[in-house]
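File shown here: input18.cif, holding mmCIF, C-alpha atoms.
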```cif
data_input
#
loop_
_atom_site.label_atom_id
_atom_site.label_comp_id
_atom_site.auth_asym_id
_atom_site.auth_seq_id
_atom_site.Cartn_x
_atom_site.Cartn_y
_atom_site.Cartn_z
CA VAL R 1 0.00 0.00 0.00
CA PRO R 2 1.61 3.34 -1.00
CA GLY R 3 2.73 5.44 1.95
CA MET R 4 2.61 2.64 4.50
CA LYS R 5 5.73 2.05 6.51
CA THR R 6 7.29 -1.36 6.81
CA THR R 7 8.57 -2.87 10.03
CA ILE R 8 12.12 -1.72 10.64
CA PHE R 9 14.47 -3.21 13.22
CA LEU R 10 17.93 -2.02 14.08
CA CYS R 11 20.69 -4.61 13.86
CA LEU R 12 23.78 -2.44 13.50
CA PHE R 13 26.76 -3.48 15.57
CA ALA R 14 27.81 0.08 16.39
CA LEU R 15 24.44 1.05 17.79
CA THR R 16 24.20 -2.21 19.73
CA CYS R 17 27.45 -1.28 21.40
CA ILE R 18 26.06 2.14 22.25
CA GLY R 19 23.01 0.51 23.81
CA LEU R 20 25.18 -1.85 25.86
CA ALA R 21 27.32 1.02 27.06
CA HIS R 22 24.22 2.92 28.02
CA ALA R 23 22.86 -0.12 29.85
CA GLN R 24 25.99 -0.27 31.99
CA ASN R 25 25.83 3.43 32.87
CA LEU R 26 22.47 4.56 34.19
CA ASP R 27 23.82 7.64 35.92
CA ALA R 28 21.70 10.76 35.50
CA PRO R 29 22.63 12.98 32.54
CA PRO R 30 24.66 16.06 33.45
CA ASP R 31 21.81 18.26 32.17
CA VAL R 32 19.04 16.36 33.99
CA ALA R 33 17.92 19.43 35.95
CA ALA R 34 16.89 21.45 32.88
CA PRO R 35 17.27 21.46 29.09
CA PRO R 36 20.54 23.07 27.89
CA ASP R 37 20.72 25.99 25.49
CA ASP R 38 21.22 23.72 22.48
CA ALA R 39 18.07 21.69 23.15
CA VAL R 40 15.24 22.20 20.65
CA CYS R 41 11.86 23.06 22.19
CA THR R 42 8.42 22.79 20.59
CA GLU R 43 5.31 24.91 21.11
CA SER R 44 3.98 22.34 23.60
CA GLY R 45 6.95 22.88 25.92
CA LEU R 46 8.71 19.61 25.06
CA CYS R 47 12.48 19.99 24.71
CA SER R 48 14.84 17.46 23.18
CA LYS R 49 18.38 16.91 21.97
CA VAL R 50 19.78 14.27 19.62
CA ILE R 51 22.50 12.29 21.41
CA VAL R 52 23.19 9.79 18.58
CA ALA R 53 21.95 10.37 15.03
CA GLY R 54 19.80 7.67 13.46
CA SER R 55 19.35 6.50 9.89
CA GLY R 56 16.75 7.32 7.28
CA GLU R 57 14.05 9.96 7.24
CA GLU R 58 11.03 7.97 8.40
CA HIS R 59 9.31 9.01 11.63
CA PRO R 60 6.65 6.99 13.49
CA ASP R 61 3.06 8.20 13.39
CA ALA R 62 1.11 8.46 16.63
CA TRP R 63 -0.83 5.26 15.84
CA ASP R 64 2.25 3.15 15.05
CA LYS R 65 3.87 0.68 17.41
CA VAL R 66 7.45 1.43 18.36
CA THR R 67 10.20 -0.63 19.98
CA VAL R 68 12.54 1.35 22.22
CA HIS R 69 15.14 1.20 24.93
CA TYR R 70 14.88 4.00 27.47
CA SER R 71 15.81 5.32 30.89
CA GLY R 72 13.88 7.96 32.84
CA TRP R 73 14.89 10.33 35.63
CA THR R 74 13.27 13.01 37.72
CA THR R 75 15.07 16.36 37.65
CA ASP R 76 16.84 15.61 40.94
CA GLY R 77 18.65 12.76 39.13
CA LYS R 78 16.64 9.86 40.50
CA LEU R 79 16.30 6.95 38.05
CA PHE R 80 12.67 5.75 38.21
CA ASP R 81 12.48 3.39 35.21
CA SER R 82 14.79 1.79 32.66
CA SER R 83 14.32 -0.91 30.04
CA PHE R 84 18.11 -1.28 30.05
CA LYS R 85 17.95 -2.31 33.68
CA ARG R 86 15.46 -5.03 32.75
CA ASN R 87 17.62 -5.92 29.72
CA GLN R 88 14.50 -5.93 27.54
CA PRO R 89 13.26 -3.27 25.12
CA ALA R 90 9.65 -2.12 25.29
CA THR R 91 7.08 -2.20 22.47
CA PHE R 92 3.85 -0.18 22.59
CA PRO R 93 1.46 1.92 20.50
CA LEU R 94 2.84 5.45 20.48
CA ASN R 95 -0.57 6.97 21.24
CA ARG R 96 -0.98 4.93 24.44
CA VAL R 97 1.75 6.65 26.44
CA ILE R 98 2.20 10.08 28.03
CA PRO R 99 1.82 12.96 25.54
CA GLY R 100 5.49 13.92 25.80
CA TRP R 101 6.49 10.45 24.58
CA THR R 102 3.97 10.52 21.73
CA GLU R 103 5.34 13.85 20.54
CA GLY R 104 9.01 13.24 21.32
CA VAL R 105 9.41 9.76 19.83
CA GLY R 106 7.49 11.00 16.80
CA LEU R 107 10.45 13.29 16.08
CA MET R 108 12.88 10.36 15.90
CA VAL R 109 14.19 7.98 13.24
CA VAL R 110 15.35 4.40 13.73
CA GLY R 111 18.75 4.17 15.39
CA GLU R 112 18.48 7.58 16.99
CA ILE R 113 19.06 8.22 20.68
CA ARG R 114 17.37 11.39 21.90
CA ARG R 115 17.09 13.04 25.30
CA LEU R 116 13.62 14.36 26.15
CA TRP R 117 12.80 16.96 28.79
CA ILE R 118 9.06 16.48 29.27
CA PRO R 119 7.18 19.18 31.20
CA VAL R 120 4.78 18.01 33.90
CA GLU R 121 1.71 18.77 31.76
CA LEU R 122 2.95 16.34 29.09
CA ALA R 123 4.07 13.73 31.63
CA TYR R 124 1.97 12.35 34.50
CA ASN R 125 0.65 15.75 35.56
CA ASN R 126 1.44 14.96 39.20
CA GLN R 127 -0.88 11.93 39.36
CA PRO R 128 -0.56 10.18 42.74
CA GLY R 129 1.88 7.30 42.61
CA LYS R 130 3.57 8.51 39.42
CA PRO R 131 6.88 10.37 38.99
CA ALA R 132 6.17 14.06 39.57
CA GLY R 133 7.28 17.22 37.84
CA MET R 134 9.32 17.47 34.66
CA LEU R 135 10.77 14.12 33.57
CA VAL R 136 13.91 13.42 31.56
CA PHE R 137 14.22 10.40 29.26
CA ASP R 138 16.98 9.02 27.09
CA VAL R 139 15.22 7.07 24.34
CA GLU R 140 16.72 4.83 21.65
CA LEU R 141 14.31 4.05 18.80
CA LEU R 142 14.94 0.46 17.71
CA GLY R 143 12.01 -0.19 15.40
CA ILE R 144 8.78 1.10 13.88
CA ASP R 145 5.86 -1.22 13.17
CA ASN R 146 3.37 0.51 10.92
CA GLN R 147 -0.29 0.28 11.92
CA PRO R 148 -3.33 1.29 9.85
CA GLU R 149 -4.32 4.89 10.28
CA PRO R 150 -7.32 4.99 12.63
CA PRO R 151 -10.63 6.51 11.55
CA PRO R 152 -11.20 10.17 12.37
CA PRO R 153 -12.56 10.93 15.85
CA PRO R 154 -16.34 10.77 16.19
CA GLU R 155 -18.15 14.08 16.20
CA THR R 156 -18.84 15.60 19.59
CA PRO R 157 -22.56 15.25 20.42
CA PRO R 158 -24.40 18.58 20.19
CA ASP R 159 -25.98 17.84 23.60
CA VAL R 160 -22.72 16.81 25.32
CA ALA R 161 -23.11 19.50 28.01
CA GLY R 162 -26.26 17.94 29.44
CA PRO R 163 -29.19 15.62 28.65
CA PRO R 164 -31.91 17.14 26.45
CA ALA R 165 -35.55 17.33 27.46
CA ASP R 166 -36.43 14.14 25.56
CA ALA R 167 -33.81 12.00 27.31
CA GLU R 168 -35.05 9.14 29.51
CA LYS R 169 -34.07 9.46 33.17
CA THR R 170 -33.90 6.80 35.87
CA PRO R 171 -34.16 7.26 39.65
CA SER R 172 -30.37 6.89 39.96
CA GLY R 173 -29.81 10.03 37.88
CA LEU R 174 -28.74 8.23 34.70
CA ALA R 175 -30.08 9.85 31.52
CA SER R 176 -30.11 8.23 28.08
CA LYS R 177 -31.50 8.54 24.59
CA VAL R 178 -31.81 5.93 21.83
CA LEU R 179 -29.89 7.04 18.73
CA ARG R 180 -30.64 3.92 16.69
CA PRO R 181 -33.12 1.18 17.63
CA GLY R 182 -31.89 -2.38 17.95
CA VAL R 183 -33.57 -5.71 17.34
CA GLY R 184 -35.51 -8.04 19.63
CA ASP R 185 -36.55 -7.55 23.22
CA GLN R 186 -33.71 -9.28 25.10
CA HIS R 187 -31.62 -7.12 27.41
CA PRO R 188 -28.28 -8.01 28.98
CA LYS R 189 -28.29 -8.72 32.70
CA ARG R 190 -25.88 -7.46 35.32
CA SER R 191 -24.07 -10.81 35.08
CA SER R 192 -23.80 -10.72 31.26
CA THR R 193 -20.64 -10.24 29.24
CA VAL R 194 -21.25 -7.60 26.57
CA THR R 195 -19.43 -6.63 23.37
CA VAL R 196 -19.68 -2.97 22.44
CA HIS R 197 -18.29 -0.07 20.49
CA TYR R 198 -18.24 3.22 22.36
CA SER R 199 -16.91 6.77 22.53
CA GLY R 200 -16.78 8.89 25.68
CA TRP R 201 -16.62 12.65 26.28
CA THR R 202 -16.45 15.01 29.23
CA THR R 203 -19.15 17.67 29.25
CA ASP R 204 -16.77 20.27 27.78
CA GLY R 205 -16.63 18.13 24.61
CA ARG R 206 -13.24 16.48 25.19
CA LEU R 207 -13.06 12.95 23.74
CA PHE R 208 -11.21 10.83 26.32
CA ASP R 209 -11.70 7.31 24.97
CA SER R 210 -13.08 5.59 21.88
CA SER R 211 -13.05 1.96 20.74
CA VAL R 212 -14.21 3.28 17.36
CA MET R 213 -10.90 5.12 16.87
CA ARG R 214 -8.95 2.02 17.88
CA GLY R 215 -10.92 0.00 15.33
CA GLU R 216 -11.60 -2.74 17.88
CA SER R 217 -14.77 -3.54 19.80
CA ILE R 218 -14.38 -4.44 23.47
CA SER R 219 -15.93 -7.19 25.61
CA PHE R 220 -16.29 -7.17 29.40
CA PRO R 221 -18.48 -8.43 32.25
CA LEU R 222 -21.20 -5.84 32.85
CA ASP R 223 -20.69 -5.95 36.61
CA ARG R 224 -17.01 -4.92 36.28
CA VAL R 225 -17.47 -1.40 34.94
CA ILE R 226 -18.68 1.94 36.31
CA PRO R 227 -22.23 1.82 37.70
CA GLY R 228 -23.62 4.04 34.94
CA TRP R 229 -22.49 1.51 32.33
CA THR R 230 -23.86 -1.42 34.31
CA GLU R 231 -27.27 0.26 34.51
CA GLY R 232 -27.29 1.84 31.05
CA LEU R 233 -26.34 -1.26 29.06
CA GLN R 234 -29.17 -3.24 30.68
CA LEU R 235 -31.61 -0.83 29.01
CA MET R 236 -30.33 -1.78 25.54
CA VAL R 237 -30.95 -4.52 22.98
CA VAL R 238 -28.53 -5.88 20.39
CA GLY R 239 -27.88 -3.48 17.52
CA GLU R 240 -29.01 -0.46 19.51
CA ARG R 241 -26.97 2.75 19.78
CA ARG R 242 -27.70 4.81 22.86
CA ARG R 243 -26.28 8.01 24.35
CA LEU R 244 -25.70 7.91 28.10
CA TRP R 245 -25.28 10.92 30.37
CA ILE R 246 -23.69 9.42 33.47
CA PRO R 247 -23.55 11.58 36.61
CA ALA R 248 -20.25 11.70 38.49
CA LYS R 249 -21.53 9.45 41.30
CA LEU R 250 -22.22 6.70 38.72
CA ALA R 251 -18.94 7.32 36.85
CA TYR R 252 -15.45 7.59 38.37
CA ASP R 253 -16.58 9.63 41.38
CA GLY R 254 -13.31 11.47 41.99
CA VAL R 255 -10.92 8.59 41.21
CA ALA R 256 -7.48 10.15 40.60
CA GLY R 257 -6.39 10.08 36.97
CA ALA R 258 -9.85 9.21 35.63
CA PRO R 259 -12.18 11.57 33.72
CA GLN R 260 -14.14 13.70 36.17
CA GLY R 261 -17.70 14.98 36.45
CA MET R 262 -20.62 13.84 34.36
CA LEU R 263 -19.53 11.72 31.40
CA VAL R 264 -21.27 11.22 28.07
CA PHE R 265 -21.00 7.96 26.12
CA ASP R 266 -22.32 6.82 22.76
CA VAL R 267 -22.60 3.03 23.02
CA GLU R 268 -23.45 0.40 20.41
CA LEU R 269 -24.40 -3.00 21.83
CA ILE R 270 -23.01 -5.58 19.42
CA SER R 271 -23.80 -8.74 21.38
CA PHE R 272 -24.06 -10.23 24.87
CA GLU R 273 -23.97 -13.65 26.48
#
```

Target encoding structure tokens, full file:
Amino acid sequence: VPGMKTTIFLCLFALTCIGLAHAQNLDAPPDVAAPPDDAVCTESGLCSKVIVAGSGEEHPDAWDKVTVHYSGWTTDGKLFDSSFKRNQPATFPLNRVIPGWTEGVGLMVVGEIRRLWIPVELAYNNQPGKPAGMLVFDVELLGIDNQPEPPPPPETPPDVAGPPADAEKTPSGLASKVLRPGVGDQHPKRSSTVTVHYSGWTTDGRLFDSSVMRGESISFPLDRVIPGWTEGLQLMVVGERRRLWIPAKLAYDGVAGAPQGMLVFDVELISFE
């Protein structure tokens, strides 16, 4: 297919030696406290510097899988994670990591080692239990595995800010509206396992999750999700698409790192058993 990248893996002796040397020396970089004057910074606040040049001109897209070696430090020089220490590179979709990684690794080519200074807003944003503040990573890009470009994000519902007057409401506070009728009269039970496609927004219109964009439906036991999903999916029949307005108390209810406030989901029930 024209334009699609092929899987590329680095097997050059010189760069392998660099990686081994790096693995044996996990001391903090001398410029760990702040990016030096010769670092290049983007509009987002990410700063980076090429430590070892790579080969080629091909950069990973956000939806590609990448294989990397890396080490990460806080700005006081504390090493908090390293694939070198585990002696095993990491492979992951580039859009499933912190924003600073998605942006920073996207600047790289295979074989390159780059130092990233990632501001707190593009890192873990001071989530409890995560490394805090600006983080510094040395990243070696070993391979790029092209993935199909995902579909465009679904349109934000015009009524994302709150349920309209014609929405159905239950005593719990859950509101919903059928967008497309389904077939039959069988509803999943609390104990059912359902297969769905879904997209979710906060009430300011921010899309925070979507199986549609990943191109993969998801299956799960209905009693293992947020209460608003457990209740809302039991109202549906197979083939139905329904919009759910889930109040905070039936959503993540203040759980750190999770979307907050009332959440809005468009859900398609594909099947259940």

What would the selection look like, as a PDB file with C-alpha atoms, in the coordinates of the input, if the PyMOL selection byres ((chain R and resi 189) around 10) were run on the coordinates I just shared?
```
ATOM      1  CA  GLN R 186     -33.710  -9.280  25.100  1.00  0.00           C
ATOM      2  CA  HIS R 187     -31.620  -7.120  27.410  1.00  0.00           C
ATOM      3  CA  PRO R 188     -28.280  -8.010  28.980  1.00  0.00           C
ATOM      4  CA  ARG R 190     -25.880  -7.460  35.320  1.00  0.00           C
ATOM      5  CA  SER R 191     -24.070 -10.810  35.080  1.00  0.00           C
ATOM      6  CA  SER R 192     -23.800 -10.720  31.260  1.00  0.00           C
ATOM      7  CA  THR R 193     -20.640 -10.240  29.240  1.00  0.00           C
ATOM      8  CA  VAL R 194     -21.250  -7.600  26.570  1.00  0.00           C
ATOM      9  CA  PRO R 221     -18.480  -8.430  32.250  1.00  0.00           C
ATOM     10  CA  LEU R 222     -21.200  -5.840  32.850  1.00  0.00           C
ATOM     11  CA  ASP R 223     -20.690  -5.950  36.610  1.00  0.00           C
ATOM     12  CA  THR R 230     -23.860  -1.420  34.310  1.00  0.00           C
ATOM     13  CA  GLU R 231     -27.270   0.260  34.510  1.00  0.00           C
ATOM     14  CA  LEU R 233     -26.340  -1.260  29.060  1.00  0.00           C
ATOM     15  CA  GLN R 234     -29.170  -3.240  30.680  1.00  0.00           C
ATOM     16  CA  LEU R 235     -31.610  -0.830  29.010  1.00  0.00           C
ATOM     17  CA  PHE R 272     -24.060 -10.230  24.870  1.00  0.00           C
ATOM     18  CA  GLU R 273     -23.970 -13.650  26.480  1.00  0.00           C
TER      19      GLU R 273
END
```

Interatomic distance, atom CA of R:Pro93 to atom CA of R:Asp145 (Å, one decimal) |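 Atom CA of R:Pro93 sits 9.1 Å away from atom CA of R:Asp145.
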
Of R:Pro181, R:Gly72, R:Pro60, R:Gly205, the one sitting nearest R:Leu141 when using only C-alpha atoms is R:Pro60

Go through stretch 138-247 of chain R residue by residue and, counting only C-alpha atoms, keep those with an atom at most 9 Å from stretch 110-123 of chain R; for each kept residue give the shortest atom pair and its distance in Å to one decimal, ordered by chain and increasing number, as JSON lines.
```
{"residue": "R:Asp138", "atom": "CA", "partner": "R:Arg115", "partner_atom": "CA", "distance": 4.4}
{"residue": "R:Val139", "atom": "CA", "partner": "R:Arg114", "partner_atom": "CA", "distance": 5.4}
{"residue": "R:Glu140", "atom": "CA", "partner": "R:Ile113", "partner_atom": "CA", "distance": 4.2}
{"residue": "R:Leu141", "atom": "CA", "partner": "R:Val110", "partner_atom": "CA", "distance": 5.2}
{"residue": "R:Leu142", "atom": "CA", "partner": "R:Val110", "partner_atom": "CA", "distance": 5.6}
{"residue": "R:Gly143", "atom": "CA", "partner": "R:Val110", "partner_atom": "CA", "distance": 5.9}
{"residue": "R:Ile144", "atom": "CA", "partner": "R:Val110", "partner_atom": "CA", "distance": 7.4}
```

Carefully work through the PyMOL selection byres ((chain R and resi 82) around 9) for this structure and note down the residues it includes, as number ranges by chain. R: 23, 26, 69-72, 79-81, 83-87

query = So how far away is atom CA of R:Pro150 from atom CA of R:Trp63, in Å?
reply =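 Rounded to one decimal, the two atoms are 7.2 Å apart.
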
Using all atoms listed in the file, can you tell me which of R:Asp166, R:Leu174, R:Ile246, R:Phe265 comes closest to R:Arg206?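 Using all atoms listed in the file, the shortest distance to R:Arg206 belongs to R:Phe265.
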
What separates atom CA of R:Ala258 and atom CA of R:Cys47 is a distance of 27.1 Å

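Evaluated on this file, the PyMOL selection byres ((chain R and resi 211) around 10) matches Val196, His197, Tyr198, Ser199, Gly200, Asp209, Ser210, Val212, Met213, Arg214, Gly215, Glu216, Ser217, Ile218 and Val267 of chain R.
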
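Of the residues listed (R:Glu149, R:Asp76, R:Glu43, R:Glu57), R:Glu57 shows the shortest atom-to-atom separation from R:Gly106; distances use only C-alpha atoms.
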
Of R:Thr156, R:Asn125, R:Thr75, R:Asn146, the one nearest to R:Leu207 when counting all atoms listed in the file is R:Thr156

Calculated over all atoms listed in the file, which of the candidates R:Gly261, R:Ala132, R:Ser48, R:Glu268 has the smallest distance to R:Ala248?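 Closest candidate: R:Gly261.
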
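Those residues that approach R:Gly173 to within 10 Å, counting all atoms listed in the file, are Glu168, Lys169, Thr170, Ser176, Gly228, Trp245, Ile246, Pro247, Ala248, Lys249 and Leu250 of chain R; same-chain residues fewer than 3 positions away are not listed.
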
Counting all atoms listed in the file, the residue among R:Pro128, R:Trp101, R:Leu107, R:Pro29 that lies closest to R:Ala53 is R:Leu107

message = Quick one: residues within 8 Å of R:Gly77, all atoms listed in the file, excluding same-chain residues fewer than 6 positions away - as a list in words?
response = Asp27, Ala28, Pro29, Val32 and Ala33 of chain R

How would stretch 57-84 of chain R look written as a PDB file, in the first residue's frame with N, CA, C and O atoms?
```
ATOM      1  N   GLU R  57      14.843   8.747   7.052  1.00  0.00           N
ATOM      2  CA  GLU R  57      14.049   9.961   7.237  1.00  0.00           C
ATOM      3  C   GLU R  57      12.649   9.655   7.766  1.00  0.00           C
ATOM      4  O   GLU R  57      11.831  10.547   7.917  1.00  0.00           O
ATOM      5  N   GLU R  58      12.382   8.404   8.042  1.00  0.00           N
ATOM      6  CA  GLU R  58      11.029   7.974   8.403  1.00  0.00           C
ATOM      7  C   GLU R  58      10.785   8.143   9.898  1.00  0.00           C
ATOM      8  O   GLU R  58      11.583   7.691  10.725  1.00  0.00           O
ATOM      9  N   HIS R  59       9.684   8.791  10.241  1.00  0.00           N
ATOM     10  CA  HIS R  59       9.308   9.013  11.629  1.00  0.00           C
ATOM     11  C   HIS R  59       8.032   8.221  11.930  1.00  0.00           C
ATOM     12  O   HIS R  59       7.161   8.085  11.072  1.00  0.00           O
ATOM     13  N   PRO R  60       7.889   7.705  13.154  1.00  0.00           N
ATOM     14  CA  PRO R  60       6.651   6.985  13.486  1.00  0.00           C
ATOM     15  C   PRO R  60       5.463   7.938  13.596  1.00  0.00           C
ATOM     16  O   PRO R  60       5.607   9.087  14.047  1.00  0.00           O
ATOM     17  N   ASP R  61       4.311   7.475  13.155  1.00  0.00           N
ATOM     18  CA  ASP R  61       3.060   8.200  13.392  1.00  0.00           C
ATOM     19  C   ASP R  61       2.533   7.843  14.772  1.00  0.00           C
ATOM     20  O   ASP R  61       2.922   6.831  15.371  1.00  0.00           O
ATOM     21  N   ALA R  62       1.624   8.649  15.273  1.00  0.00           N
ATOM     22  CA  ALA R  62       1.111   8.458  16.633  1.00  0.00           C
ATOM     23  C   ALA R  62       0.440   7.099  16.808  1.00  0.00           C
ATOM     24  O   ALA R  62       0.422   6.552  17.908  1.00  0.00           O
ATOM     25  N   TRP R  63      -0.105   6.541  15.732  1.00  0.00           N
ATOM     26  CA  TRP R  63      -0.830   5.259  15.836  1.00  0.00           C
ATOM     27  C   TRP R  63       0.068   4.048  15.592  1.00  0.00           C
ATOM     28  O   TRP R  63      -0.374   2.919  15.698  1.00  0.00           O
ATOM     29  N   ASP R  64       1.331   4.264  15.281  1.00  0.00           N
ATOM     30  CA  ASP R  64       2.246   3.152  15.052  1.00  0.00           C
ATOM     31  C   ASP R  64       2.711   2.534  16.364  1.00  0.00           C
ATOM     32  O   ASP R  64       2.671   3.168  17.419  1.00  0.00           O
ATOM     33  N   LYS R  65       3.193   1.298  16.286  1.00  0.00           N
ATOM     34  CA  LYS R  65       3.868   0.675  17.415  1.00  0.00           C
ATOM     35  C   LYS R  65       5.365   0.920  17.280  1.00  0.00           C
ATOM     36  O   LYS R  65       5.911   0.854  16.175  1.00  0.00           O
ATOM     37  N   VAL R  66       6.010   1.205  18.386  1.00  0.00           N
ATOM     38  CA  VAL R  66       7.450   1.427  18.364  1.00  0.00           C
ATOM     39  C   VAL R  66       8.122   0.478  19.352  1.00  0.00           C
ATOM     40  O   VAL R  66       7.521   0.052  20.335  1.00  0.00           O
ATOM     41  N   THR R  67       9.366   0.144  19.061  1.00  0.00           N
ATOM     42  CA  THR R  67      10.200  -0.627  19.976  1.00  0.00           C
ATOM     43  C   THR R  67      11.361   0.260  20.404  1.00  0.00           C
ATOM     44  O   THR R  67      12.060   0.828  19.547  1.00  0.00           O
ATOM     45  N   VAL R  68      11.551   0.409  21.704  1.00  0.00           N
ATOM     46  CA  VAL R  68      12.544   1.355  22.224  1.00  0.00           C
ATOM     47  C   VAL R  68      13.296   0.750  23.399  1.00  0.00           C
ATOM     48  O   VAL R  68      12.825  -0.170  24.069  1.00  0.00           O
ATOM     49  N   HIS R  69      14.470   1.302  23.649  1.00  0.00           N
ATOM     50  CA  HIS R  69      15.140   1.202  24.933  1.00  0.00           C
ATOM     51  C   HIS R  69      15.097   2.599  25.535  1.00  0.00           C
ATOM     52  O   HIS R  69      15.182   3.605  24.801  1.00  0.00           O
ATOM     53  N   TYR R  70      14.987   2.675  26.854  1.00  0.00           N
ATOM     54  CA  TYR R  70      14.876   3.995  27.475  1.00  0.00           C
ATOM     55  C   TYR R  70      15.288   3.938  28.937  1.00  0.00           C
ATOM     56  O   TYR R  70      15.276   2.886  29.582  1.00  0.00           O
ATOM     57  N   SER R  71      15.647   5.111  29.453  1.00  0.00           N
ATOM     58  CA  SER R  71      15.814   5.323  30.890  1.00  0.00           C
ATOM     59  C   SER R  71      15.168   6.651  31.237  1.00  0.00           C
ATOM     60  O   SER R  71      15.190   7.593  30.430  1.00  0.00           O
ATOM     61  N   GLY R  72      14.572   6.735  32.432  1.00  0.00           N
ATOM     62  CA  GLY R  72      13.879   7.955  32.837  1.00  0.00           C
ATOM     63  C   GLY R  72      14.293   8.413  34.213  1.00  0.00           C
ATOM     64  O   GLY R  72      14.448   7.600  35.137  1.00  0.00           O
ATOM     65  N   TRP R  73      14.480   9.729  34.367  1.00  0.00           N
ATOM     66  CA  TRP R  73      14.891  10.329  35.632  1.00  0.00           C
ATOM     67  C   TRP R  73      13.975  11.491  35.991  1.00  0.00           C
ATOM     68  O   TRP R  73      13.401  12.152  35.118  1.00  0.00           O
ATOM     69  N   THR R  74      13.822  11.744  37.265  1.00  0.00           N
ATOM     70  CA  THR R  74      13.266  13.011  37.723  1.00  0.00           C
ATOM     71  C   THR R  74      14.399  14.044  37.703  1.00  0.00           C
ATOM     72  O   THR R  74      15.582  13.693  37.588  1.00  0.00           O
ATOM     73  N   THR R  75      14.053  15.324  37.824  1.00  0.00           N
ATOM     74  CA  THR R  75      15.071  16.361  37.647  1.00  0.00           C
ATOM     75  C   THR R  75      16.071  16.432  38.796  1.00  0.00           C
ATOM     76  O   THR R  75      17.064  17.162  38.695  1.00  0.00           O
ATOM     77  N   ASP R  76      15.835  15.694  39.876  1.00  0.00           N
ATOM     78  CA  ASP R  76      16.843  15.608  40.937  1.00  0.00           C
ATOM     79  C   ASP R  76      17.826  14.459  40.683  1.00  0.00           C
ATOM     80  O   ASP R  76      18.674  14.156  41.522  1.00  0.00           O
ATOM     81  N   GLY R  77      17.711  13.812  39.521  1.00  0.00           N
ATOM     82  CA  GLY R  77      18.647  12.765  39.135  1.00  0.00           C
ATOM     83  C   GLY R  77      18.273  11.365  39.551  1.00  0.00           C
ATOM     84  O   GLY R  77      19.055  10.427  39.361  1.00  0.00           O
ATOM     85  N   LYS R  78      17.063  11.184  40.071  1.00  0.00           N
ATOM     86  CA  LYS R  78      16.640   9.860  40.503  1.00  0.00           C
ATOM     87  C   LYS R  78      16.149   9.043  39.307  1.00  0.00           C
ATOM     88  O   LYS R  78      15.241   9.451  38.583  1.00  0.00           O
ATOM     89  N   LEU R  79      16.750   7.871  39.104  1.00  0.00           N
ATOM     90  CA  LEU R  79      16.301   6.947  38.055  1.00  0.00           C
ATOM     91  C   LEU R  79      15.028   6.250  38.528  1.00  0.00           C
ATOM     92  O   LEU R  79      15.031   5.592  39.561  1.00  0.00           O
ATOM     93  N   PHE R  80      13.915   6.384  37.768  1.00  0.00           N
ATOM     94  CA  PHE R  80      12.666   5.747  38.205  1.00  0.00           C
ATOM     95  C   PHE R  80      12.235   4.605  37.287  1.00  0.00           C
ATOM     96  O   PHE R  80      11.369   3.813  37.660  1.00  0.00           O
ATOM     97  N   ASP R  81      12.850   4.495  36.095  1.00  0.00           N
ATOM     98  CA  ASP R  81      12.481   3.393  35.214  1.00  0.00           C
ATOM     99  C   ASP R  81      13.558   3.250  34.150  1.00  0.00           C
ATOM    100  O   ASP R  81      14.164   4.243  33.718  1.00  0.00           O
ATOM    101  N   SER R  82      13.812   2.013  33.717  1.00  0.00           N
ATOM    102  CA  SER R  82      14.788   1.786  32.663  1.00  0.00           C
ATOM    103  C   SER R  82      14.588   0.411  32.048  1.00  0.00           C
ATOM    104  O   SER R  82      14.633  -0.606  32.750  1.00  0.00           O
ATOM    105  N   SER R  83      14.384   0.374  30.735  1.00  0.00           N
ATOM    106  CA  SER R  83      14.320  -0.911  30.037  1.00  0.00           C
ATOM    107  C   SER R  83      15.703  -1.550  29.983  1.00  0.00           C
ATOM    108  O   SER R  83      15.822  -2.775  29.911  1.00  0.00           O
ATOM    109  N   PHE R  84      16.751  -0.741  30.018  1.00  0.00           N
ATOM    110  CA  PHE R  84      18.110  -1.279  30.047  1.00  0.00           C
ATOM    111  C   PHE R  84      18.333  -2.104  31.312  1.00  0.00           C
ATOM    112  O   PHE R  84      18.974  -3.155  31.287  1.00  0.00           O
TER     113      PHE R  84
END
```
